[in-house]
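J.: Below is one structure. I have some questions about it.
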Number of protein chains: 2
Amino acid sequence: MPVDKDLKAAKANDYDAIVLPGGQINPDLLRLNKDALTLIKNFYDAGKIVAAVCHAPWLLVETGIAKGKRMTSYHSIKTDVINAGAHWEDSEVVTDKGIITSRNPNDLEAFSKKIVEEIKEGRHNRAS
Amino acid sequence: MPVDKDLKAAKANDYDAIVLPGGQINPDLLRLNKDALTLIKNFYDAGKIVAAVCHAPWLLVETGIAKGKRMTSYHSIKTDVINAGAHWEDSEVVTDKGIITSRNPNDLEAFSKKIVEEIKEGRHNRAS
């Protein structure tokens with residue numbers, strides 16, 4: 001995937017949604033990157049779509065977004081997601097106030113479809 | 001590292017301690033392996049030494065051993081360890097009732113030395 005913008009240059013205001021891909025290594029590195037965590041929180045605070053698949057829900061744990069949300073994740077991090085205060089579900093895609101999560105690569109079709117649907121619906125009021 | 005015994009054949013009674021190595025992949029796979037989790041719990045329940053470094057503290061999260069313990073881990077999983085109910089410390093080695101943890105490869109000398117010390121001290125009463 002060619003990189004078209006540096007993390008520091010990316011602004012939540014310029015986009016409708018952020019999609020966080022998985023893998024065991026990438027989210028583990030991003031958890032330690034303050035610019036990445038700030039960008040994710042900026043999307044969340046602006047009521048925009050935040051989507052995460054496989055191991056990327058760790059980033060929702062790290063930013064505190066997971067707390068109180070209905071969510072799913074790759075099975076191996078289920079305990080971390082539950083310990084962060086989320087309500088974990090074993091479904092191909094789970095949506096709660098614009099937070100969209102899926103379990104693994106087999107769920108990508110449902111995950112992508114739901115992201116498009118939610119973007120069309122517009123912004124989410126996280127206070128409600 | 002040559003494997004000298006299958007996981008199913010390994011019995012906690014035959015050893016003084018279990019040492020869980022890190023890496024991002026290995027502990028993530030072992031979290032989903034019931035035989036591995038049972039073996040770790042058997043060491044713990046028998047009052048034997050359980051040592052974990054880098055990302056391996058995830059296995060102490062998964063087995064519930066982390067709860068209430070003073071511990072450390074690789075920095076990226078600090079939030080997961082805290083969310084599991086542990087008291088996280090930024091030290092090269094942390095020992096609490098025979099549970100020995102270190103942060104990263106730079107800590108291995110202190111980690112290994114502490115494991116030998118604790119094995120010489122004998123079994124730990126986890127109820128105390």
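In the structure tokens, chains take letters A, B, ... by order of appearance, with residues numbered from 1 within each chain and ligands from 1 in the order shown.
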Counting only C-alpha atoms, collect the residues of chain B whose closest atom lies at most 9 Å from chain A, and write them out as a list in words.
T.: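 For chain B, the answer reads Gln24, Ile25, Asp28, Leu29, Leu30, Arg31, Leu32, Trp58, Val61, Glu62, His75, Ser76, Ile77, Thr79, Asp80, Val81, Asn83, Ala84 and Gly85 of chain B.
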J.: Mind writing the picked residues with N, CA and C atoms as an mmCIF file, in the first residue's frame?
T.:
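This went into out-v5.cif:
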```
data_model
loop_
_atom_site.group_PDB
_atom_site.id
_atom_site.type_symbol
_atom_site.label_atom_id
_atom_site.label_comp_id
_atom_site.auth_asym_id
_atom_site.auth_seq_id
_atom_site.Cartn_x
_atom_site.Cartn_y
_atom_site.Cartn_z
ATOM 1 N N GLN B 24 5.949 -10.971 19.516
ATOM 2 C CA GLN B 24 4.562 -10.560 19.309
ATOM 3 C C GLN B 24 3.670 -11.719 18.873
ATOM 4 N N ILE B 25 4.274 -12.722 18.218
ATOM 5 C CA ILE B 25 3.472 -13.809 17.631
ATOM 6 C C ILE B 25 3.246 -14.958 18.611
ATOM 7 N N ASP B 28 0.673 -14.622 21.392
ATOM 8 C CA ASP B 28 -0.647 -14.415 20.773
ATOM 9 C C ASP B 28 -1.248 -15.748 20.327
ATOM 10 N N LEU B 29 -0.392 -16.667 19.852
ATOM 11 C CA LEU B 29 -0.862 -18.003 19.455
ATOM 12 C C LEU B 29 -1.148 -18.868 20.678
ATOM 13 N N LEU B 30 -0.285 -18.779 21.688
ATOM 14 C CA LEU B 30 -0.450 -19.629 22.879
ATOM 15 C C LEU B 30 -1.692 -19.259 23.692
ATOM 16 N N ARG B 31 -2.143 -18.002 23.586
ATOM 17 C CA ARG B 31 -3.369 -17.590 24.295
ATOM 18 C C ARG B 31 -4.567 -18.407 23.876
ATOM 19 N N LEU B 32 -4.523 -18.915 22.635
ATOM 20 C CA LEU B 32 -5.649 -19.685 22.096
ATOM 21 C C LEU B 32 -5.451 -21.190 22.284
ATOM 22 N N TRP B 58 0.961 -11.514 28.499
ATOM 23 C CA TRP B 58 -0.396 -11.773 27.986
ATOM 24 C C TRP B 58 -0.921 -13.123 28.482
ATOM 25 N N VAL B 61 -2.267 -12.711 31.795
ATOM 26 C CA VAL B 61 -3.577 -12.070 31.645
ATOM 27 C C VAL B 61 -4.618 -13.136 31.316
ATOM 28 N N GLU B 62 -4.306 -13.975 30.335
ATOM 29 C CA GLU B 62 -5.267 -14.965 29.818
ATOM 30 C C GLU B 62 -5.648 -16.007 30.870
ATOM 31 N N HIS B 75 6.334 -2.599 26.968
ATOM 32 C CA HIS B 75 5.533 -1.377 27.130
ATOM 33 C C HIS B 75 4.210 -1.391 26.357
ATOM 34 N N SER B 76 4.207 -2.012 25.177
ATOM 35 C CA SER B 76 2.999 -1.941 24.338
ATOM 36 C C SER B 76 1.802 -2.653 24.963
ATOM 37 N N ILE B 77 2.045 -3.598 25.884
ATOM 38 C CA ILE B 77 0.910 -4.327 26.463
ATOM 39 C C ILE B 77 0.634 -3.901 27.911
ATOM 40 N N THR B 79 -1.186 -1.523 29.050
ATOM 41 C CA THR B 79 -2.618 -1.273 29.279
ATOM 42 C C THR B 79 -3.378 -2.585 29.485
ATOM 43 N N ASP B 80 -3.037 -3.620 28.709
ATOM 44 C CA ASP B 80 -3.710 -4.919 28.862
ATOM 45 C C ASP B 80 -3.427 -5.530 30.230
ATOM 46 N N VAL B 81 -2.186 -5.375 30.698
ATOM 47 C CA VAL B 81 -1.786 -5.950 31.992
ATOM 48 C C VAL B 81 -2.496 -5.207 33.128
ATOM 49 N N ASN B 83 -5.352 -3.489 32.812
ATOM 50 C CA ASN B 83 -6.788 -3.797 32.703
ATOM 51 C C ASN B 83 -7.127 -5.184 33.260
ATOM 52 N N ALA B 84 -6.122 -6.057 33.326
ATOM 53 C CA ALA B 84 -6.331 -7.401 33.899
ATOM 54 C C ALA B 84 -6.239 -7.388 35.422
ATOM 55 N N GLY B 85 -5.984 -6.207 35.993
ATOM 56 C CA GLY B 85 -5.988 -6.095 37.451
ATOM 57 C C GLY B 85 -4.617 -6.167 38.100
#
```
J.: Please identify all polymer residues within 12 Å of region 109-118 of chain B, counting only C-alpha atoms, omitting same-chain residues fewer than 4 positions from it, and present them as number ranges by chain.
T.: B: 16-21, 47-54, 72-73, 91-105, 122-124
J.: As a list in words, please: every residue in region 58-112 of chain B that a backbone DSSP assignment puts in helix (DSSP H, G or I).
T.: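 Answer for region 58-112 of chain B, restricted to helix (DSSP H, G or I): Trp58, Leu59, Leu60, Val61, Glu62, His75, Ser76, Ile77, Lys78, Thr79, Asp80, Val81, Ile82, Asn83, Pro105, Asn106, Asp107, Leu108, Glu109, Ala110, Phe111 and Ser112 of chain B.
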J.: Got time to write the residues from that selection, C-alpha atoms, as a CSV table (one decimal), in the first residue's frame?
T.:
```csv
chain,number,residue,atom,x,y,z
B,58,TRP,CA,-0.4,-11.8,28.0
B,59,LEU,CA,-0.4,-15.4,29.1
B,60,LEU,CA,-0.7,-14.3,32.7
B,61,VAL,CA,-3.6,-12.1,31.6
B,62,GLU,CA,-5.3,-15.0,29.8
B,75,HIS,CA,5.5,-1.4,27.1
B,76,SER,CA,3.0,-1.9,24.3
B,77,ILE,CA,0.9,-4.3,26.5
B,78,LYS,CA,1.1,-2.3,29.7
B,79,THR,CA,-2.6,-1.3,29.3
B,80,ASP,CA,-3.7,-4.9,28.9
B,81,VAL,CA,-1.8,-6.0,32.0
B,82,ILE,CA,-3.3,-3.1,34.0
B,83,ASN,CA,-6.8,-3.8,32.7
B,105,PRO,CA,15.5,-8.3,25.9
B,106,ASN,CA,17.7,-5.8,27.7
B,107,ASP,CA,16.3,-7.1,31.0
B,108,LEU,CA,17.3,-10.7,30.4
B,109,GLU,CA,20.3,-10.8,32.7
B,110,ALA,CA,18.2,-9.6,35.7
B,111,PHE,CA,15.3,-11.8,34.6
B,112,SER,CA,17.4,-15.0,34.5
```
J.: In Å, how far is it from CA of Ala12 (chain B) to CA of Lys67 (chain B)?
T.: 21.4 Å
J.: Any idea what the distance is between CA of Ala46 (chain B) and CA of Asn26 (chain B)?
T.: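 Spanning CA of Ala46 (chain B) to CA of Asn26 (chain B) is a straight-line distance of 24.5 Å.
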